[in-house]
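Participant: Structure file entry-v2.txt (compact mmCIF, C-alpha atoms) is given on the next line.
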# COMPACT_ATOMS: atom_id res chain seq x y z
CA MET L 230 65.82 -129.25 -338.74
CA GLU L 231 69.11 -128.44 -336.97
CA ASP L 232 68.03 -124.80 -336.67
CA LEU L 233 64.73 -125.91 -335.13
CA LYS L 234 66.55 -128.14 -332.62
CA LEU L 235 68.79 -125.24 -331.59
CA GLU L 236 65.75 -122.97 -331.31
CA LEU L 237 63.95 -125.52 -329.12
CA LYS L 238 66.96 -125.87 -326.83
CA GLU L 239 67.20 -122.08 -326.46
CA LYS L 240 63.49 -121.79 -325.71
CA ILE L 241 63.61 -124.62 -323.15
CA ILE L 242 66.60 -123.04 -321.37
CA ASP L 243 64.82 -119.70 -321.35
CA ALA L 244 61.38 -120.98 -320.28
CA LEU L 245 62.72 -123.22 -317.52
CA ASN L 246 65.42 -120.79 -316.45
CA LEU L 247 68.14 -123.43 -316.82
CA VAL L 248 70.86 -120.83 -316.32
CA ASP L 249 73.67 -123.39 -315.94
CA LEU L 250 73.02 -124.91 -319.36
CA THR L 251 73.82 -123.90 -322.92
CA PRO L 252 72.24 -125.47 -326.03
CA ALA L 253 75.46 -127.44 -326.53
CA ASP L 254 74.93 -129.17 -323.19
CA ILE L 255 71.63 -130.71 -324.33
CA GLN L 256 72.02 -133.85 -326.42
CA ASP L 257 69.55 -134.23 -329.29
CA ASP L 258 68.65 -137.80 -328.33
CA ALA L 259 68.92 -137.57 -324.53
CA PRO L 260 65.73 -138.04 -322.48
CA ILE L 261 64.21 -134.70 -321.50
CA PHE L 262 62.66 -135.91 -318.26
CA MET L 263 64.16 -137.72 -315.28
CA GLU L 264 67.67 -138.99 -316.03
CA GLY L 265 68.21 -136.64 -319.00
CA LEU L 266 67.65 -132.96 -318.25
CA GLY L 267 66.07 -133.98 -314.96
CA LEU L 268 62.87 -132.07 -315.61
CA ASP L 269 59.72 -132.83 -313.61
CA SER L 270 55.96 -132.31 -313.76
CA ILE L 271 56.13 -128.53 -313.34
CA ASP L 272 58.58 -128.30 -316.24
CA ALA L 273 56.35 -130.55 -318.36
CA LEU L 274 53.51 -128.03 -318.06
CA GLU L 275 55.90 -125.26 -319.07
CA LEU L 276 56.99 -127.23 -322.14
CA MET L 277 53.36 -127.77 -323.15
CA LEU L 278 52.76 -124.04 -322.91
CA LEU L 279 55.96 -123.38 -324.88
CA MET L 280 54.71 -125.63 -327.70
CA GLU L 281 51.32 -123.90 -327.69
CA LYS L 282 52.58 -120.31 -327.59
CA ASN L 283 55.47 -120.66 -330.01
CA TYR L 284 54.24 -123.25 -332.48
CA GLY L 285 50.47 -123.33 -332.06
CA ILE L 286 50.61 -126.98 -330.97
CA ARG L 287 48.15 -128.15 -328.30
CA LEU L 288 49.14 -131.38 -326.64
CA ALA L 289 46.09 -132.95 -325.02
CA ASN L 290 46.65 -136.63 -325.77
CA PRO L 291 48.88 -138.11 -323.02
CA ALA L 292 50.15 -141.03 -325.12
CA GLU L 293 51.14 -138.75 -327.97
CA GLY L 294 52.55 -136.13 -325.60
CA LYS L 295 54.84 -138.61 -323.89
CA GLN L 296 56.30 -139.56 -327.25
CA VAL L 297 56.78 -135.91 -328.24
CA PHE L 298 58.70 -135.09 -325.05
CA LYS L 299 61.08 -138.06 -325.31
CA SER L 300 63.99 -135.98 -326.62
CA ILE L 301 64.87 -132.85 -328.58
CA ASN L 302 64.81 -135.00 -331.73
CA THR L 303 61.20 -136.13 -331.17
CA MET L 304 60.11 -132.62 -330.21
CA ALA L 305 61.67 -131.12 -333.34
CA GLU L 306 60.11 -133.77 -335.58
CA TYR L 307 56.68 -133.16 -334.09
CA VAL L 308 56.96 -129.37 -334.30
CA ASN L 309 58.13 -129.62 -337.91
CA ALA L 310 55.12 -131.77 -338.84
CA HIS L 311 52.38 -130.03 -336.83
CA ARG L 312 53.31 -126.38 -336.31
CA THR L 313 50.73 -123.76 -337.19
CA LYS L 314 52.94 -120.79 -336.36
CA MET J 65 62.09 -133.73 -300.11
CA SER J 66 62.32 -135.36 -296.71
CA GLU J 67 60.22 -138.38 -295.88
CA GLU J 68 58.25 -136.34 -293.37
CA ARG J 69 57.18 -133.80 -295.96
CA GLN J 70 56.14 -136.43 -298.47
CA TRP J 71 52.68 -137.85 -298.37
CA SER J 72 51.66 -140.98 -300.20
CA GLY J 73 48.16 -139.64 -300.80
CA ARG J 74 46.78 -143.06 -300.01
CA THR J 75 43.27 -143.45 -298.64
CA HIS J 76 43.33 -145.95 -295.79
CA GLY J 77 40.92 -148.86 -295.46
CA THR J 78 39.49 -151.42 -297.83
CA GLU J 79 36.58 -151.01 -300.22
CA TRP J 80 34.15 -152.94 -297.99
CA MET J 81 35.18 -150.76 -295.04
CA HIS J 82 34.34 -147.64 -297.04
CA LYS J 83 31.01 -149.12 -298.13
CA GLY J 84 30.27 -150.07 -294.54
CA LEU J 85 31.04 -146.54 -293.40
CA VAL J 86 28.69 -145.00 -295.95
CA TRP J 87 25.97 -147.45 -294.82
CA LEU J 88 26.57 -146.47 -291.17
CA PHE J 89 26.19 -142.80 -292.05
CA ARG J 90 22.86 -143.53 -293.68
CA VAL J 91 21.40 -145.28 -290.66
CA LEU J 92 23.02 -143.67 -287.60
CA PRO J 93 22.72 -140.04 -286.47
CA LEU J 94 25.95 -138.12 -287.00
CA GLY J 95 26.08 -137.24 -283.29
CA VAL J 96 26.29 -140.91 -282.29
CA LEU J 97 29.22 -141.46 -284.64
CA TYR J 98 30.95 -138.33 -283.33
CA PHE J 99 30.53 -139.69 -279.79
CA PHE J 100 32.23 -142.99 -280.62
CA MET J 101 34.99 -141.16 -282.39
CA ALA J 102 35.58 -138.97 -279.33
CA LEU J 103 36.39 -142.19 -277.44
CA VAL J 104 38.75 -143.45 -280.13
CA VAL J 105 40.73 -140.22 -280.61
CA PRO J 106 43.07 -140.69 -277.55
CA PHE J 107 44.16 -144.08 -278.93
CA TYR J 108 44.72 -142.59 -282.35
CA MET J 109 46.87 -139.86 -280.80
CA LEU J 110 48.85 -142.50 -278.91
CA PHE J 111 49.61 -144.56 -282.01
CA ASN J 112 50.07 -141.66 -284.42
CA HIS J 113 52.73 -140.08 -282.25
CA LYS J 114 54.46 -138.15 -285.07
CA GLY J 115 51.23 -136.51 -286.19
CA TYR J 116 50.27 -135.70 -282.62
CA LEU J 117 53.66 -134.09 -281.94
CA ALA J 118 53.46 -132.03 -285.14
CA ILE J 119 50.12 -130.57 -284.03
CA TYR J 120 51.40 -130.06 -280.47
CA HIS J 121 54.38 -128.08 -281.84
CA TYR J 122 52.07 -126.15 -284.18
CA LEU J 123 49.85 -125.07 -281.27
CA ARG J 124 52.77 -124.39 -278.92
CA TYR J 125 55.01 -122.42 -281.26
CA ARG J 126 52.74 -121.00 -283.97
CA HIS J 127 49.85 -120.07 -281.66
CA GLY J 128 51.72 -119.67 -278.38
CA TYR J 129 49.58 -122.15 -276.43
CA GLY J 130 50.85 -123.37 -273.04
CA PRO J 131 51.68 -127.12 -272.71
CA LEU J 132 48.33 -128.17 -271.21
CA ARG J 133 46.28 -126.04 -273.61
CA ALA J 134 48.32 -127.40 -276.54
CA PHE J 135 47.74 -130.99 -275.36
CA CYS J 136 43.98 -130.39 -275.09
CA GLY J 137 44.15 -128.60 -278.45
CA CYS J 138 45.71 -131.72 -279.99
CA TYR J 139 42.73 -133.75 -278.83
CA ALA J 140 40.31 -131.15 -280.21
CA ASN J 141 42.25 -130.98 -283.49
CA HIS J 142 42.17 -134.77 -283.94
CA PHE J 143 38.49 -134.84 -283.01
CA LEU J 144 37.68 -132.10 -285.53
CA PHE J 145 39.74 -133.87 -288.18
CA GLY J 146 37.68 -136.98 -287.51
CA THR J 147 34.45 -135.01 -287.88
CA ALA J 148 35.73 -133.60 -291.20
CA ILE J 149 36.28 -137.14 -292.49
CA MET J 150 32.92 -138.27 -291.11
CA ASP J 151 31.17 -135.32 -292.71
CA ARG J 152 32.74 -136.36 -296.00
CA PHE J 153 31.26 -139.85 -295.68
CA ALA J 154 27.97 -138.34 -294.50
CA ALA J 155 27.93 -136.28 -297.71
CA TYR J 156 28.56 -139.48 -299.71
CA ALA J 157 25.59 -141.00 -297.86
CA GLY J 158 23.39 -138.07 -298.89
CA ARG J 159 23.44 -136.01 -295.68
CA LYS J 160 23.11 -132.25 -296.12
CA PHE J 161 25.11 -129.52 -294.39
CA LYS J 162 24.23 -125.90 -293.83
CA VAL J 163 26.78 -123.74 -295.58
CA GLU J 164 27.31 -120.03 -295.14
CA SER J 165 28.68 -118.81 -298.47
CA PRO J 166 30.76 -115.69 -299.08
CA LYS J 167 29.43 -112.53 -300.69
CA PRO J 168 30.19 -111.38 -303.33
CA ASP J 169 30.48 -114.74 -305.03
CA LEU J 170 33.99 -114.44 -306.48
CA PHE J 171 33.74 -117.93 -307.96
CA GLU J 172 30.68 -117.05 -309.98
CA GLU J 173 32.15 -113.71 -311.04
CA LEU J 174 35.31 -115.34 -312.42
CA SER J 175 33.28 -118.13 -314.03
CA GLN J 176 31.64 -115.52 -316.26
CA GLU J 177 34.99 -114.56 -317.83
CA GLU J 178 36.49 -116.23 -320.89
CA GLN J 179 39.75 -117.04 -319.17
CA GLY J 180 40.02 -119.97 -316.79
CA PHE J 181 41.20 -119.62 -313.22
CA LEU J 182 42.74 -121.54 -310.34
CA VAL J 183 41.24 -122.42 -306.96
CA PHE J 184 43.83 -123.16 -304.28
CA ALA J 185 42.65 -125.63 -301.64
CA SER J 186 44.53 -126.50 -298.46
CA HIS J 187 44.52 -128.95 -295.57
CA ILE J 188 42.56 -126.54 -293.42
CA GLY J 189 38.93 -127.30 -292.59
CA ASN J 190 37.17 -129.60 -295.01
CA PRO J 191 38.47 -128.88 -298.53
CA GLU J 192 36.46 -131.68 -300.08
CA LEU J 193 33.22 -130.04 -299.04
CA CYS J 194 34.36 -126.96 -301.00
CA GLY J 195 33.94 -129.08 -304.11
CA TYR J 196 30.33 -129.78 -303.27
CA MET J 197 29.72 -126.08 -302.76
CA LEU J 198 31.41 -124.79 -305.92
CA ARG J 199 29.39 -125.17 -309.06
CA SER J 200 29.73 -123.41 -312.37
CA LYS J 201 27.33 -124.04 -315.20
CA ARG J 202 29.52 -122.15 -317.64
CA LYS J 203 32.89 -123.75 -316.95
CA ARG J 204 33.99 -127.21 -315.90
CA MET J 205 36.07 -127.42 -312.74
CA ASN J 206 38.97 -129.88 -312.72
CA ALA J 207 40.01 -130.99 -309.24
CA ILE J 208 43.54 -132.36 -309.01
CA THR J 209 43.44 -135.20 -306.49
CA PHE J 210 46.27 -137.02 -304.74
CA PRO J 211 47.31 -140.28 -306.39
CA GLY J 212 46.66 -143.54 -304.59
CA GLU J 213 43.10 -142.82 -303.63
CA LYS J 214 41.02 -145.98 -303.50
CA ALA J 215 39.00 -146.56 -306.67
CA SER J 216 35.83 -147.02 -304.60
CA ILE J 217 36.32 -143.67 -302.86
CA ARG J 218 37.05 -141.93 -306.14
CA ALA J 219 33.94 -143.48 -307.70
CA ARG J 220 31.81 -142.16 -304.82
CA ARG J 221 33.31 -138.71 -305.11
CA GLU J 222 32.70 -138.70 -308.85
CA LYS J 223 29.09 -139.75 -308.26
CA MET J 224 28.66 -136.97 -305.68
CA LEU J 225 30.16 -134.41 -308.00
CA GLU J 226 28.58 -135.43 -311.30
CA GLY J 227 25.89 -132.75 -311.04
CA ASN J 228 28.45 -130.06 -310.17
CA ASN J 229 30.31 -130.01 -313.50
CA ILE J 230 33.48 -131.19 -311.75
CA ARG J 231 36.05 -133.63 -313.11
CA LEU J 232 38.54 -135.37 -310.83
CA ILE J 233 42.09 -135.66 -312.17
CA PRO J 234 44.33 -138.00 -310.12
CA ALA J 235 47.95 -136.77 -310.26
CA GLU J 236 49.46 -140.05 -311.43
CA GLY J 237 52.32 -140.51 -313.90
CA MET J 238 52.52 -137.87 -316.63
CA GLU J 239 49.05 -138.36 -318.12
CA TRP J 240 47.30 -135.96 -315.78
CA LEU J 241 49.57 -133.11 -316.88
CA PHE J 242 48.22 -133.27 -320.43
CA THR J 243 44.64 -133.31 -319.16
CA LEU J 244 45.44 -130.36 -316.91
CA ASN J 245 47.15 -128.48 -319.73
CA ALA J 246 44.18 -129.01 -322.05
CA ALA J 247 41.77 -127.82 -319.32
CA LEU J 248 43.79 -124.65 -318.77
CA SER J 249 44.03 -123.98 -322.51
CA ASP J 250 40.24 -124.41 -322.79
CA GLY J 251 39.66 -121.74 -320.13
CA GLU J 252 38.38 -124.16 -317.49
CA ILE J 253 38.75 -123.98 -313.72
CA VAL J 254 41.45 -125.98 -311.94
CA SER J 255 41.37 -126.71 -308.23
CA ILE J 256 44.65 -127.79 -306.65
CA HIS J 257 46.07 -128.13 -303.14
CA ALA J 258 48.66 -125.42 -302.64
CA ASP J 259 49.95 -126.22 -299.17
CA ARG J 260 51.56 -129.63 -299.53
CA LEU J 261 54.42 -130.82 -301.74
CA PHE J 262 53.53 -133.64 -304.11
CA GLY J 263 54.60 -134.62 -307.61
CA SER J 264 57.57 -132.27 -307.56
CA PRO J 265 60.04 -131.41 -304.79
CA LYS J 266 60.25 -127.77 -305.90
CA PHE J 267 58.99 -125.26 -303.38
CA LEU J 268 58.56 -121.60 -302.50
CA LYS J 269 59.07 -120.11 -299.08
CA ALA J 270 56.23 -118.23 -297.43
CA THR J 271 55.62 -116.82 -293.98
CA ILE J 272 52.64 -118.51 -292.36
CA LEU J 273 51.71 -117.68 -288.77
CA GLY J 274 54.94 -115.74 -288.36
CA ALA J 275 57.38 -118.42 -289.50
CA GLU J 276 58.79 -119.46 -292.84
CA ALA J 277 57.45 -122.67 -294.40
CA LYS J 278 57.81 -124.49 -297.70
CA ILE J 279 54.81 -124.57 -300.01
CA PRO J 280 54.69 -126.30 -303.42
CA LEU J 281 55.95 -124.27 -306.36
CA GLY J 282 53.70 -126.01 -308.90
CA PRO J 283 50.35 -124.24 -308.35
CA PHE J 284 52.04 -120.83 -308.19
CA ASN J 285 54.11 -121.60 -311.27
CA ILE J 286 50.96 -122.46 -313.26
CA ALA J 287 49.29 -119.22 -312.13
CA ALA J 288 52.31 -117.05 -312.93
CA THR J 289 53.22 -118.68 -316.25
CA ARG J 290 49.68 -118.44 -317.60
CA ASP J 291 48.84 -115.21 -315.77
CA LEU J 292 45.65 -116.71 -314.35
CA PRO J 293 43.37 -115.33 -311.63
CA VAL J 294 43.63 -117.29 -308.38
CA LEU J 295 41.14 -117.89 -305.55
CA ALA J 296 42.04 -119.34 -302.17
CA SER J 297 39.23 -121.45 -300.71
CA PHE J 298 38.62 -122.74 -297.19
CA ALA J 299 35.60 -124.65 -295.81
CA ILE J 300 35.56 -124.28 -292.03
CA LYS J 301 33.35 -126.34 -289.73
CA THR J 302 31.50 -123.94 -287.46
CA GLY J 303 28.89 -126.22 -285.88
CA TYR J 304 27.37 -129.69 -285.79
CA LYS J 305 26.18 -129.52 -289.39
CA ASP J 306 27.40 -126.03 -290.23
CA TYR J 307 30.20 -124.84 -292.46
CA ARG J 308 31.47 -121.42 -293.39
CA PHE J 309 32.97 -121.13 -296.81
CA TYR J 310 35.74 -118.58 -297.40
CA LEU J 311 36.94 -117.40 -300.81
CA ALA J 312 39.67 -114.80 -301.39
CA ARG J 313 41.15 -113.44 -304.59
CA LEU J 314 44.96 -113.73 -304.45
CA ASP J 315 46.10 -112.00 -307.64
CA THR J 316 46.06 -108.21 -307.83
CA PRO J 317 46.37 -105.84 -310.84
CA GLU J 318 49.97 -105.06 -309.77
CA MET J 319 50.94 -108.73 -310.05
CA HIS J 320 49.99 -108.91 -313.72
CA VAL J 321 52.95 -106.69 -314.68
CA MET J 322 55.48 -108.56 -312.53
CA ASN J 323 57.95 -111.08 -313.92
CA LYS J 324 57.26 -114.75 -313.27
CA GLN J 325 59.39 -115.14 -310.14
CA GLU J 326 58.07 -111.93 -308.58
CA LYS J 327 54.51 -112.99 -309.31
CA MET J 328 54.99 -116.45 -307.83
CA ASN J 329 56.43 -114.91 -304.67
CA ALA J 330 53.64 -112.33 -304.45
CA LEU J 331 50.96 -115.02 -304.89
CA ALA J 332 52.65 -117.23 -302.29
CA ALA J 333 52.74 -114.31 -299.85
CA ALA J 334 49.07 -113.54 -300.50
CA TYR J 335 48.14 -117.20 -300.03
CA ALA J 336 50.19 -117.42 -296.83
CA ALA J 337 48.43 -114.29 -295.53
CA GLN J 338 45.02 -115.87 -296.19
CA MET J 339 46.08 -119.11 -294.50
CA THR J 340 47.36 -117.13 -291.52
CA GLN J 341 44.12 -115.17 -291.27
CA VAL J 342 41.98 -118.32 -291.32
CA LEU J 343 44.26 -120.25 -288.92
CA GLU J 344 44.32 -117.38 -286.44
CA LYS J 345 40.54 -117.58 -286.32
CA TRP J 346 40.24 -121.38 -286.54
CA PRO J 347 43.56 -122.73 -285.16
CA LEU J 348 42.24 -126.25 -284.50
CA GLN J 349 41.24 -126.98 -288.09
CA TRP J 350 44.81 -127.38 -289.35
CA TYR J 351 45.23 -130.87 -290.76
CA ASN J 352 48.82 -131.09 -291.94
CA PHE J 353 50.06 -133.78 -289.56
CA PHE J 354 53.78 -133.28 -290.11
CA GLU J 355 56.34 -130.66 -289.08
CA PHE J 356 55.16 -128.10 -291.60
CA TRP J 357 57.60 -125.37 -290.54
CA LYS J 358 60.69 -127.60 -290.46
What would the structure in this file look like if it were written as C-alpha cells?

Facilitator:
Amino acid sequence: MEDLKLELKEKIIDALNLVDLTPADIQDDAPIFMEGLGLDSIDALELMLLMEKNYGIRLANPAEGKQVFKSINTMAEYVNAHRTK
Amino acid sequence: MSEERQWSGRTHGTEWMHKGLVWLFRVLPLGVLYFFMALVVPFYMLFNHKGYLAIYHYLRYRHGYGPLRAFCGCYANHFLFGTAIMDRFAAYAGRKFKVESPKPDLFEELSQEEQGFLVFASHIGNPELCGYMLRSKRKRMNAITFPGEKASIRARREKMLEGNNIRLIPAEGMEWLFTLNAALSDGEIVSIHADRLFGSPKFLKATILGAEAKIPLGPFNIAATRDLPVLASFAIKTGYKDYRFYLARLDTPEMHVMNKQEKMNALAAAYAAQMTQVLEKWPLQWYNFFEFWK
C-alpha cells in the first residue's frame, strides 16, 4: 500500500505539473482539494483521467468520487480494491 | 480572479416573471416586444453603468470607433442583447427562427466518429440558440450551464431540448465534474463556454481583436489532456427572425503531436482567431459586459 501511495503522489505531481512539490510534501491524510493541495475543478478532471488511464477505474458516481478524492489514503484504498490494470 | 471578471451565473427575475414572459411571447408579435425594449434600453444603460462602459471601451479601443459612434454602438449592442434574450423566450414559447447553417456540417461529421468532441460556445450572438440547432442522433450532447440558473428556466430549456438529445449539466459543486468525465469517457459531445472564467480562476492568455485577454483554462485543458477534436460555434442574429450559424474546427493535425501546454496555447490562439473574425464582422453582438481585456 505504501508503494501505491508513493506512486499516486508521483502521478498526481506529474499530471498536474506541481513542479514545486515532491511526494514527501503530500500528506497521506491531507485533503486533496481546497485547503489541502489546493486543487480545483480542472485538476479534479485530470485526476479522474489519471485513475482511468493508469488503473482502469471509471469514476461516474459523484458521491463515491468525492469519497475517493478525499485524500491519498482514500485514493490508494479505492485503487487497491477496484483496479483493473 | 477579480470581482469584475467573476459572474454569478444567476438568471434574474422570479419564476412567475419568466412564465409571464413566455406567455407574452406567445400572444404578442416579436416586433412589438422589440419596440418596447428599444424604449427601455437607455434606462438600462443608465443603471448598468459598468456594463455600458465596458462595451463603450470595447467599441472605442478594440474596434477604433469614435466617441459618438461608440455611444450609439452601446445602444445598438444593448438592444441586440435584448433581442437575443427575447428570441430565447420566443423559442421557449414555440416561435421558429430561420437559420442559415454552415456547410460542410462539421458537427455531423464529427458525430459519426467513435471519439467524443468539444463544442466551445461564447458570449457572442445567441449561444443558446446554437443548442436548438445542433442535434446528433448518434451521440448525446452535454451542455455545461452556469450555476444559479432558475429552476423554472432550466426546466423550460430541458423541455425545449428534449428532442435534440441534449443534456444540461449545471456546473455546481463537484458533482457535475463526474458527470462530465463519464460523458467524455463515453465518447459523447460536450458544449462549454470558453470565453468566461467560472469554476476555476486558472486562465490562458490569447490575443483577441489585437489585444491580450484572459480566457478560461478549463475547456482547453480538457481538449488537450484528452486530445479531443474541438469546434467553435457562434449563432449570429442577421435579421428580424434570422440567424447565421458558424462552426469552425479548432484542432489541427499538427496539434495532436504537441505537448499539453503547447496544444492548449495553440487551441486558445485558434479560438481567439475565430472570435476575432466573427467580432470584426459582427462587432455589436459581443455580450461580455465587463472589462474583458483588463

Participant: So how far away is CA of Asn246 in chain L from CA of Leu261 in chain J, in Å?

Facilitator: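 Between CA of Leu261 in chain J and CA of Asn246 in chain L the gap works out to 20.9 Å.
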
Participant: Dig up all the protein and nucleic acid residues within 12 Å of (69.3, -138.1, -322.7) in the file frame, using all atoms listed in the file, and format them as JSON, numbers by chain.

Facilitator: {"L": [254, 255, 256, 257, 258, 259, 260, 261, 262, 263, 264, 265, 266, 267, 268, 298, 299, 300, 301, 302, 303]}

Participant: Restricted to C-alpha atoms, what would the selected residues look like written as a short mmCIF file (atom, residue, chain, number, x, y, z; two decimals), in the coordinates of the input?

Facilitator:
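See part.cif below for the written result:
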data_model
loop_
_atom_site.label_atom_id
_atom_site.label_comp_id
_atom_site.auth_asym_id
_atom_site.auth_seq_id
_atom_site.Cartn_x
_atom_site.Cartn_y
_atom_site.Cartn_z
CA ASP L 254 74.93 -129.17 -323.19
CA ILE L 255 71.63 -130.71 -324.33
CA GLN L 256 72.02 -133.85 -326.42
CA ASP L 257 69.55 -134.23 -329.29
CA ASP L 258 68.65 -137.80 -328.33
CA ALA L 259 68.92 -137.57 -324.53
CA PRO L 260 65.73 -138.04 -322.48
CA ILE L 261 64.21 -134.70 -321.50
CA PHE L 262 62.66 -135.91 -318.26
CA MET L 263 64.16 -137.72 -315.28
CA GLU L 264 67.67 -138.99 -316.03
CA GLY L 265 68.21 -136.64 -319.00
CA LEU L 266 67.65 -132.96 -318.25
CA GLY L 267 66.07 -133.98 -314.96
CA LEU L 268 62.87 -132.07 -315.61
CA PHE L 298 58.70 -135.09 -325.05
CA LYS L 299 61.08 -138.06 -325.31
CA SER L 300 63.99 -135.98 -326.62
CA ILE L 301 64.87 -132.85 -328.58
CA ASN L 302 64.81 -135.00 -331.73
CA THR L 303 61.20 -136.13 -331.17
#

Participant: Check every residue of chain L for an atom within 7 Å of chain J, counting only C-alpha atoms, and provide those that qualify as an MDAnalysis selection string.

Facilitator: chainID L and resid 269:271 274 288:291

Participant: Fewer than 4 positions away in the same chain doesn't count, so skip those; otherwise give me all residues within 10 Å of range 325-335 of chain J, counting all atoms listed in the file, as a PDB file with C-alpha atoms, in the coordinates of the input.

Facilitator:
ATOM      1  CA  PHE J 184      43.830-123.160-304.280  1.00  0.00           C
ATOM      2  CA  ALA J 258      48.660-125.420-302.640  1.00  0.00           C
ATOM      3  CA  ASP J 259      49.950-126.220-299.170  1.00  0.00           C
ATOM      4  CA  LEU J 268      58.560-121.600-302.500  1.00  0.00           C
ATOM      5  CA  LYS J 269      59.070-120.110-299.080  1.00  0.00           C
ATOM      6  CA  ALA J 270      56.230-118.230-297.430  1.00  0.00           C
ATOM      7  CA  THR J 271      55.620-116.820-293.980  1.00  0.00           C
ATOM      8  CA  ILE J 272      52.640-118.510-292.360  1.00  0.00           C
ATOM      9  CA  ILE J 279      54.810-124.570-300.010  1.00  0.00           C
ATOM     10  CA  PRO J 280      54.690-126.300-303.420  1.00  0.00           C
ATOM     11  CA  LEU J 281      55.950-124.270-306.360  1.00  0.00           C
ATOM     12  CA  GLY J 282      53.700-126.010-308.900  1.00  0.00           C
ATOM     13  CA  PRO J 283      50.350-124.240-308.350  1.00  0.00           C
ATOM     14  CA  PHE J 284      52.040-120.830-308.190  1.00  0.00           C
ATOM     15  CA  ASN J 285      54.110-121.600-311.270  1.00  0.00           C
ATOM     16  CA  ILE J 286      50.960-122.460-313.260  1.00  0.00           C
ATOM     17  CA  ALA J 287      49.290-119.220-312.130  1.00  0.00           C
ATOM     18  CA  ALA J 288      52.310-117.050-312.930  1.00  0.00           C
ATOM     19  CA  THR J 289      53.220-118.680-316.250  1.00  0.00           C
ATOM     20  CA  ASP J 291      48.840-115.210-315.770  1.00  0.00           C
ATOM     21  CA  VAL J 294      43.630-117.290-308.380  1.00  0.00           C
ATOM     22  CA  LEU J 295      41.140-117.890-305.550  1.00  0.00           C
ATOM     23  CA  ALA J 296      42.040-119.340-302.170  1.00  0.00           C
ATOM     24  CA  SER J 297      39.230-121.450-300.710  1.00  0.00           C
ATOM     25  CA  ALA J 312      39.670-114.800-301.390  1.00  0.00           C
ATOM     26  CA  ARG J 313      41.150-113.440-304.590  1.00  0.00           C
ATOM     27  CA  LEU J 314      44.960-113.730-304.450  1.00  0.00           C
ATOM     28  CA  ASP J 315      46.100-112.000-307.640  1.00  0.00           C
ATOM     29  CA  THR J 316      46.060-108.210-307.830  1.00  0.00           C
ATOM     30  CA  GLU J 318      49.970-105.060-309.770  1.00  0.00           C
ATOM     31  CA  MET J 319      50.940-108.730-310.050  1.00  0.00           C
ATOM     32  CA  HIS J 320      49.990-108.910-313.720  1.00  0.00           C
ATOM     33  CA  VAL J 321      52.950-106.690-314.680  1.00  0.00           C
ATOM     34  CA  MET J 339      46.080-119.110-294.500  1.00  0.00           C
ATOM     35  CA  THR J 340      47.360-117.130-291.520  1.00  0.00           C
ATOM     36  CA  GLN J 341      44.120-115.170-291.270  1.00  0.00           C
TER      37      GLN J 341
END

Participant: In Å, how far is it from CA of Met280 in chain L to CA of Thr209 in chain J?

Facilitator: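 Value for the CA of Met280 in chain L-CA of Thr209 in chain J distance: 25.9 Å.
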
Participant: Calculate, to one decimal in Å, the centre and edge lengths of the box along x, y and z of the file that holds all listed atoms of range 222-231 of chain J with 3 Å of margin on each side, and present them as AutoDock Vina command-line options.

Facilitator:
--center_x 31.0 --center_y -134.9 --center_z -309.6 --size_x 16.2 --size_y 15.7 --size_z 13.8

Participant: Name the residues in contact with Ala305 in chain L at a cut-off of 9 Å, using all atoms listed in the file, excluding same-chain residues fewer than 2 positions from it; report them as a list in words.

Facilitator: Met230, Glu231, Leu233, Lys234, Leu237, Val297, Ser300, Ile301, Asn302, Thr303, Tyr307, Val308, Asn309 and Ala310 of chain L

Participant: For a test of reading the model, state the distance in Å between CA of Val104 in chain J and CA of Arg124 in chain J, rounded to one decimal.

Facilitator: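 Atom-to-atom, CA of Val104 in chain J and CA of Arg124 in chain J are spaced 23.7 Å apart.
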
Participant: Calculated over all atoms listed in the file, which of the candidates L:Thr313, L:Pro252, L:Met304, L:Glu239 has the smallest distance to Lys282 in chain L?

Facilitator: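 Under the stated criterion, the closest residue is L:Thr313.
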
Participant: Can you pull out the residues contacting range 133-147 of chain J? Cut-off 9 Å, using all atoms listed in the file, and skip same-chain residues under 2 positions away; I want them as an MDAnalysis selection string.

Facilitator: chainID J and resid 97:98 101:102 105:106 108:109 116:117 119:124 128:131 149:152 189:190 301 347:351

Participant: Hey, what's within 10 Å of Ala244 in chain L if we count all atoms listed in the file and toss same-chain stuff fewer than 5 positions away? As a list of chain:residue names, please?

Facilitator: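 Residues meeting the cut-off are L:Lys238, L:Glu239, L:Asp272, L:Glu275, L:Leu276, L:Leu278, L:Leu279, J:Thr289.
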
Participant: Determine, counting only C-alpha atoms, which protein, DNA and RNA residues have an atom within 7 Å of an atom of Phe89 in chain J; residues of the same chain fewer than 2 positions away are not included. Present the result as a PDB file with C-alpha atoms, in the frame of the given file.

Facilitator:
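Saved the output as selection_22.pdb:
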ATOM      1  CA  LEU J  85      31.040-146.540-293.400  1.00  0.00           C
ATOM      2  CA  VAL J  86      28.690-145.000-295.950  1.00  0.00           C
ATOM      3  CA  TRP J  87      25.970-147.450-294.820  1.00  0.00           C
ATOM      4  CA  VAL J  91      21.400-145.280-290.660  1.00  0.00           C
ATOM      5  CA  LEU J  92      23.020-143.670-287.600  1.00  0.00           C
ATOM      6  CA  LEU J  94      25.950-138.120-287.000  1.00  0.00           C
ATOM      7  CA  PHE J 153      31.260-139.850-295.680  1.00  0.00           C
ATOM      8  CA  ALA J 154      27.970-138.340-294.500  1.00  0.00           C
ATOM      9  CA  ALA J 157      25.590-141.000-297.860  1.00  0.00           C
TER      10      ALA J 157
END

Participant: Of the residues L:Glu306, L:Ala253, L:Leu247, L:Gly294, which is the one nearest to Met277 in chain L, using all atoms listed in the file?

Facilitator: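 Of all the options, L:Gly294 lies closest to Met277 in chain L.
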